[in-house]
Amino acid sequence: MSTDGLARQLASRAREVDAEGVYARASREVFQREGAFATVVPDSGSPPGLGAVSSSILIEEVARACGSSALMLMIQRLGALPLVLTDLTERHEPVLDRLRSGEWTPCFALTERSAGSDPSQLKTQARRDADDWVIDGHKQWISNAPEADVVVVFAVTDPNDAARRISAFLVETDRPGLSVGPVHRTSGLRGMSVGQMAFDGVRVGPDALLGDQGDGLKLALRTLDLSRLGVAAQAIGLAKAALDSAASHARERRQFGKPLIAHAGLAFPLADRYAHIAAARTLLIEAATRADRGAADAGLHASMAKLVASEAAVSTTQAAIQAHGAAGYDADSDVQRYARDARATTIYEGTSEIQRMVIARWLAA
């Protein structure tokens, strides 16, 4: 698979994807044809972080072309990681194979109305009925929910055990009692579907449990430690695209007898962003390398990479709009799309404030 060739295919439709505001099935078909999902979904039995560097590089290049398409790769990885982080059963192995091929689309159902930044407060419950589990509850802001074939859902299995009250389950979305809707409208990343999921007496067998009962919150946090690297990569790709556009415009447009890039008032802010992006990428590769090695502080470095990269993406895309002037404020401009897409990277998979909390706890330990 040629990363450059893949990115070119996606870039040619990026404006159209944003304007249509519907799931970018054509991007998914490109990923399946080019084998991209196999890069972001680790092999079964792999060390927990295996593929962190390679998947981050791919997501960054794809995001530079189309932020929504990059998110598609990120959620494929997010939905697969809980399987890799637990002891797979005979039932789960084929699921991982389908995720690697792109035959199946996953989603990761953690967030609820009362449980966002604090997932320990979720209300969805799973109760035992003989050997089965019966799941009831409601999830929201779930990427891929309307398209998913399989969902990793987190539910309370022991409300009386504060430390081990949550468990994780792998559930096919065609199960009776599982419904999706309505779909959330988002200002950016409009080529992905984000929706709500309702579980009304959804019955699953004992092999749906991922890991041991009570391991759910730990599994969710370990998954996010790894998947946040994808958010950092997406943010860097969007920042690079915005900076490329701003610098090109500043070289070509002349004001007061010289190119905009020759005016320090515009050139210096872009120079700062160029340095910030380079620093963020260095931090990302360091964090991904630590994840691949299974380093104890990999989660800390992932939080630092996401924090720095997402904040750099927001500031860079805003600087790019300013550099373009009125043209940058046009609703159809590329830099305006980059800015809307980049804003999400400071919010999902842990807000910037949550990343600062993670970093602060390491300092306090």
# chains A, B, ... in the order shown; residues from 1 in each chain; ligands from 1
>>> residues_around(residues="segment 65-78 of chain A", least_positions_apart="6", cutoff="7 Å", atoms="only C-alpha atoms", output="ChimeraX atom specification")
/A:7,10-11,14,27,37,40-41,59,99,105-108,189-192,227,230,234,238,341
>>> residues_around(residues="Asp87 of chain A", least_positions_apart="3", cutoff="9 Å", atoms="only C-alpha atoms", output="ChimeraX atom specification")
/A:45,83-84,210-211
>>> write_last_selection(atoms="N, CA and C atoms", output="tab-separated table (two decimals), in the first residue's frame")
chain	number	residue	atom	x	y	z
A	45	GLY	N	-2.87	-11.69	19.78
A	45	GLY	CA	-1.70	-12.18	20.50
A	45	GLY	C	-0.51	-11.25	20.47
A	83	LEU	N	-10.11	-6.14	22.27
A	83	LEU	CA	-9.97	-7.57	22.01
A	83	LEU	C	-8.52	-8.00	22.17
A	84	VAL	N	-7.61	-7.17	21.66
A	84	VAL	CA	-6.18	-7.51	21.71
A	84	VAL	C	-5.65	-7.44	23.15
A	210	LEU	N	-15.51	-9.58	27.85
A	210	LEU	CA	-14.11	-9.35	27.49
A	210	LEU	C	-13.28	-9.32	28.77
A	211	GLY	N	-12.36	-10.26	28.90
A	211	GLY	CA	-11.59	-10.36	30.11
A	211	GLY	C	-12.44	-10.91	31.25
>>> residues_around(residues="Ala130 of chain A", least_positions_apart="6", cutoff="12 Å", atoms="only C-alpha atoms", output="CSV table (one decimal) with C-alpha atoms, in the first residue's frame")
chain,number,residue,atom,x,y,z
A,203,ARG,CA,-29.1,-10.9,25.7
A,204,VAL,CA,-25.6,-12.2,25.1
A,205,GLY,CA,-23.8,-15.4,26.0
A,206,PRO,CA,-21.0,-15.8,28.5
>>> select_by_dssp(residues="segment 92-259 of chain A", states="strand (DSSP E)", output="count of residues only")
58
>>> atom_distance(atom1="atom CA of Gln32 of chain A", atom2="atom CA of Gln140 of chain A")
27.3 Å
>>> residues_around(residues="Ala198 of chain A", least_positions_apart="5", cutoff="9 Å", atoms="only C-alpha atoms", output="list of chain:residue names")
A:Asp136, A:Gly137, A:His138, A:Lys139, A:Gln140, A:Gly177, A:Leu178, A:Ser179, A:Val180, A:Gly181
>>> closest_atom_pairs(of="segment 194-313 of chain A", to="segment 161-164 of chain A", cutoff="10 Å", atoms="only C-alpha atoms", output="CSV")
residue,atom,partner,partner_atom,distance
A:Asp212,CA,A:Arg164,CA,9.9
A:Gln213,CA,A:Arg164,CA,7.7
A:Gly214,CA,A:Arg164,CA,4.1
A:Asp215,CA,A:Arg164,CA,6.4
A:Gly216,CA,A:Arg164,CA,7.7
A:Leu217,CA,A:Arg164,CA,7.7
A:Lys218,CA,A:Arg164,CA,8.8
>>> closest_residue(among="A:Gly188, A:Gln125, A:Glu286, A:Pro159", to="Ala331 of chain A", atoms="only C-alpha atoms")
A:Gly188
>>> closest_residue(among="A:Asp174, A:Asp225, A:Asp207, A:Asp272", to="Ala148 of chain A", atoms="only C-alpha atoms")
A:Asp174
>>> closest_residue(among="A:Lys258, A:Gly201, A:Ile166, A:Ala271", to="Asp129 of chain A", atoms="only C-alpha atoms")
A:Gly201
>>> closest_residue(among="A:Ala36, A:Val53, A:Val156, A:Ile354", to="Thr282 of chain A", atoms="only C-alpha atoms")
A:Val53
>>> residues_around(residues="His301 of chain A", least_positions_apart="2", cutoff="12 Å", atoms="only C-alpha atoms", output="ChimeraX atom specification")
/A:225-226,228-229,232,280,282-291,294-299,303-309,355-356,358-359,362
>>> write_last_selection(atoms="N, CA and C atoms", output="mmCIF file, in the first residue's frame")
data_model
loop_
_atom_site.group_PDB
_atom_site.id
_atom_site.type_symbol
_atom_site.label_atom_id
_atom_site.label_comp_id
_atom_site.auth_asym_id
_atom_site.auth_seq_id
_atom_site.Cartn_x
_atom_site.Cartn_y
_atom_site.Cartn_z
ATOM 1 N N ASP A 225 -5.401 4.777 26.461
ATOM 2 C CA ASP A 225 -3.971 5.097 26.513
ATOM 3 C C ASP A 225 -3.314 4.883 25.155
ATOM 4 N N LEU A 226 -3.761 3.855 24.441
ATOM 5 C CA LEU A 226 -3.194 3.550 23.127
ATOM 6 C C LEU A 226 -3.887 4.318 22.002
ATOM 7 N N ARG A 228 -5.341 7.183 22.017
ATOM 8 C CA ARG A 228 -5.085 8.624 22.005
ATOM 9 C C ARG A 228 -3.938 8.989 21.067
ATOM 10 N N LEU A 229 -3.078 8.032 20.797
ATOM 11 C CA LEU A 229 -2.008 8.286 19.838
ATOM 12 C C LEU A 229 -2.588 8.579 18.456
ATOM 13 N N ALA A 232 -3.708 12.169 18.363
ATOM 14 C CA ALA A 232 -2.549 13.044 18.173
ATOM 15 C C ALA A 232 -2.103 13.039 16.717
ATOM 16 N N ALA A 280 5.330 18.441 18.280
ATOM 17 C CA ALA A 280 4.235 17.506 18.548
ATOM 18 C C ALA A 280 4.477 16.166 17.879
ATOM 19 N N THR A 282 7.388 14.828 17.081
ATOM 20 C CA THR A 282 8.471 14.152 17.797
ATOM 21 C C THR A 282 7.936 13.483 19.066
ATOM 22 N N LEU A 283 7.079 14.186 19.779
ATOM 23 C CA LEU A 283 6.473 13.634 20.987
ATOM 24 C C LEU A 283 5.585 12.435 20.647
ATOM 25 N N LEU A 284 4.844 12.516 19.545
ATOM 26 C CA LEU A 284 3.989 11.402 19.130
ATOM 27 C C LEU A 284 4.800 10.147 18.836
ATOM 28 N N ILE A 285 5.871 10.292 18.071
ATOM 29 C CA ILE A 285 6.677 9.124 17.722
ATOM 30 C C ILE A 285 7.321 8.526 18.965
ATOM 31 N N GLU A 286 7.752 9.370 19.890
ATOM 32 C CA GLU A 286 8.312 8.873 21.154
ATOM 33 C C GLU A 286 7.251 8.101 21.935
ATOM 34 N N ALA A 287 6.041 8.652 22.016
ATOM 35 C CA ALA A 287 4.962 7.995 22.752
ATOM 36 C C ALA A 287 4.569 6.680 22.095
ATOM 37 N N ALA A 288 4.483 6.670 20.773
ATOM 38 C CA ALA A 288 4.112 5.448 20.060
ATOM 39 C C ALA A 288 5.185 4.377 20.205
ATOM 40 N N THR A 289 6.440 4.784 20.188
ATOM 41 C CA THR A 289 7.541 3.838 20.375
ATOM 42 C C THR A 289 7.476 3.214 21.767
ATOM 43 N N ARG A 290 7.181 4.026 22.764
ATOM 44 C CA ARG A 290 7.036 3.501 24.126
ATOM 45 C C ARG A 290 5.855 2.536 24.212
ATOM 46 N N ALA A 291 4.781 2.850 23.517
ATOM 47 C CA ALA A 291 3.628 1.952 23.517
ATOM 48 C C ALA A 291 3.977 0.610 22.883
ATOM 49 N N GLY A 294 5.760 -1.490 25.243
ATOM 50 C CA GLY A 294 5.061 -1.819 26.471
ATOM 51 C C GLY A 294 5.590 -1.098 27.684
ATOM 52 N N ALA A 295 6.127 0.100 27.500
ATOM 53 C CA ALA A 295 6.697 0.870 28.599
ATOM 54 C C ALA A 295 5.622 1.245 29.621
ATOM 55 N N ALA A 296 5.991 1.274 30.873
ATOM 56 C CA ALA A 296 5.043 1.565 31.943
ATOM 57 C C ALA A 296 4.478 2.979 31.843
ATOM 58 N N ASP A 297 5.241 3.909 31.274
ATOM 59 C CA ASP A 297 4.790 5.292 31.170
ATOM 60 C C ASP A 297 4.241 5.623 29.789
ATOM 61 N N ALA A 298 3.852 4.605 29.023
ATOM 62 C CA ALA A 298 3.333 4.850 27.673
ATOM 63 C C ALA A 298 2.069 5.697 27.714
ATOM 64 N N GLY A 299 1.195 5.466 28.702
ATOM 65 C CA GLY A 299 -0.025 6.247 28.812
ATOM 66 C C GLY A 299 0.238 7.716 29.072
ATOM 67 N N SER A 303 -0.836 10.815 26.570
ATOM 68 C CA SER A 303 -1.582 12.001 26.992
ATOM 69 C C SER A 303 -0.848 13.284 26.625
ATOM 70 N N MET A 304 0.471 13.310 26.803
ATOM 71 C CA MET A 304 1.242 14.498 26.424
ATOM 72 C C MET A 304 1.184 14.727 24.920
ATOM 73 N N ALA A 305 1.281 13.640 24.150
ATOM 74 C CA ALA A 305 1.232 13.780 22.696
ATOM 75 C C ALA A 305 -0.122 14.297 22.245
ATOM 76 N N LYS A 306 -1.197 13.766 22.807
ATOM 77 C CA LYS A 306 -2.534 14.226 22.422
ATOM 78 C C LYS A 306 -2.745 15.676 22.815
ATOM 79 N N LEU A 307 -2.342 16.038 24.021
ATOM 80 C CA LEU A 307 -2.509 17.409 24.483
ATOM 81 C C LEU A 307 -1.784 18.389 23.579
ATOM 82 N N VAL A 308 -0.506 18.150 23.353
ATOM 83 C CA VAL A 308 0.307 19.082 22.571
ATOM 84 C C VAL A 308 -0.144 19.124 21.110
ATOM 85 N N ALA A 309 -0.421 17.958 20.531
ATOM 86 C CA ALA A 309 -0.798 17.908 19.116
ATOM 87 C C ALA A 309 -2.162 18.537 18.874
ATOM 88 N N GLN A 355 -6.294 15.258 29.852
ATOM 89 C CA GLN A 355 -4.879 14.942 29.616
ATOM 90 C C GLN A 355 -4.000 15.659 30.644
ATOM 91 N N ARG A 356 -4.358 16.870 30.981
ATOM 92 C CA ARG A 356 -3.588 17.596 32.003
ATOM 93 C C ARG A 356 -3.720 16.911 33.365
ATOM 94 N N VAL A 358 -4.122 13.657 33.810
ATOM 95 C CA VAL A 358 -3.272 12.465 33.734
ATOM 96 C C VAL A 358 -1.816 12.841 33.984
ATOM 97 N N ILE A 359 -1.357 13.894 33.324
ATOM 98 C CA ILE A 359 0.037 14.331 33.463
ATOM 99 C C ILE A 359 0.319 14.786 34.892
ATOM 100 N N TRP A 362 0.920 11.978 37.342
ATOM 101 C CA TRP A 362 2.273 11.425 37.266
ATOM 102 C C TRP A 362 3.251 12.305 38.030
#
>>> closest_residue(among="A:Ser352, A:Val17, A:Asp131, A:Arg64", to="Asp332 of chain A", atoms="only C-alpha atoms")
A:Val17
>>> select_by_dssp(residues="segment 101-254 of chain A", states="alpha helix (DSSP H)", output="number ranges by chain")
A: 101, 216-252
>>> residues_around(residues="Glu311 of chain A", least_positions_apart="4", cutoff="9 Å", atoms="only C-alpha atoms", output="list of chain:residue names")
A:Ala235, A:Lys306, A:Leu307, A:Ser315, A:Thr316, A:Ala342, A:Arg343, A:Thr345, A:Thr346, A:Ser352
>>> closest_residue(among="A:Ala279, A:Ala312, A:Ala38, A:Met197", to="Ser55 of chain A", atoms="only C-alpha atoms")
A:Ala38
>>> residues_around(residues="Leu266 of chain A", least_positions_apart="2", cutoff="12 Å", atoms="only C-alpha atoms", output="count of residues only")
25
>>> decode(residues="segment 139-155 of chain A", atoms="C-alpha atoms", output="PDB file, in the first residue's frame")
ATOM      1  CA  LYS A 139     -24.974   5.421  25.093  1.00  0.00           C
ATOM      2  CA  GLN A 140     -24.364   8.654  23.201  1.00  0.00           C
ATOM      3  CA  TRP A 141     -21.712  10.323  21.050  1.00  0.00           C
ATOM      4  CA  ILE A 142     -20.620   6.939  19.719  1.00  0.00           C
ATOM      5  CA  SER A 143     -18.571   7.189  16.513  1.00  0.00           C
ATOM      6  CA  ASN A 144     -19.587   4.572  13.921  1.00  0.00           C
ATOM      7  CA  ALA A 145     -22.764   3.677  15.867  1.00  0.00           C
ATOM      8  CA  PRO A 146     -25.067   3.810  12.811  1.00  0.00           C
ATOM      9  CA  GLU A 147     -22.634   1.751  10.713  1.00  0.00           C
ATOM     10  CA  ALA A 148     -21.255  -0.728  13.236  1.00  0.00           C
ATOM     11  CA  ASP A 149     -21.445  -4.502  12.919  1.00  0.00           C
ATOM     12  CA  VAL A 150     -20.041  -5.051  16.397  1.00  0.00           C
ATOM     13  CA  VAL A 151     -19.781  -2.902  19.529  1.00  0.00           C
ATOM     14  CA  VAL A 152     -17.613  -3.016  22.624  1.00  0.00           C
ATOM     15  CA  VAL A 153     -20.029  -1.872  25.330  1.00  0.00           C
ATOM     16  CA  PHE A 154     -19.199  -1.054  28.937  1.00  0.00           C
ATOM     17  CA  ALA A 155     -21.782  -1.779  31.623  1.00  0.00           C
TER      18      ALA A 155
END
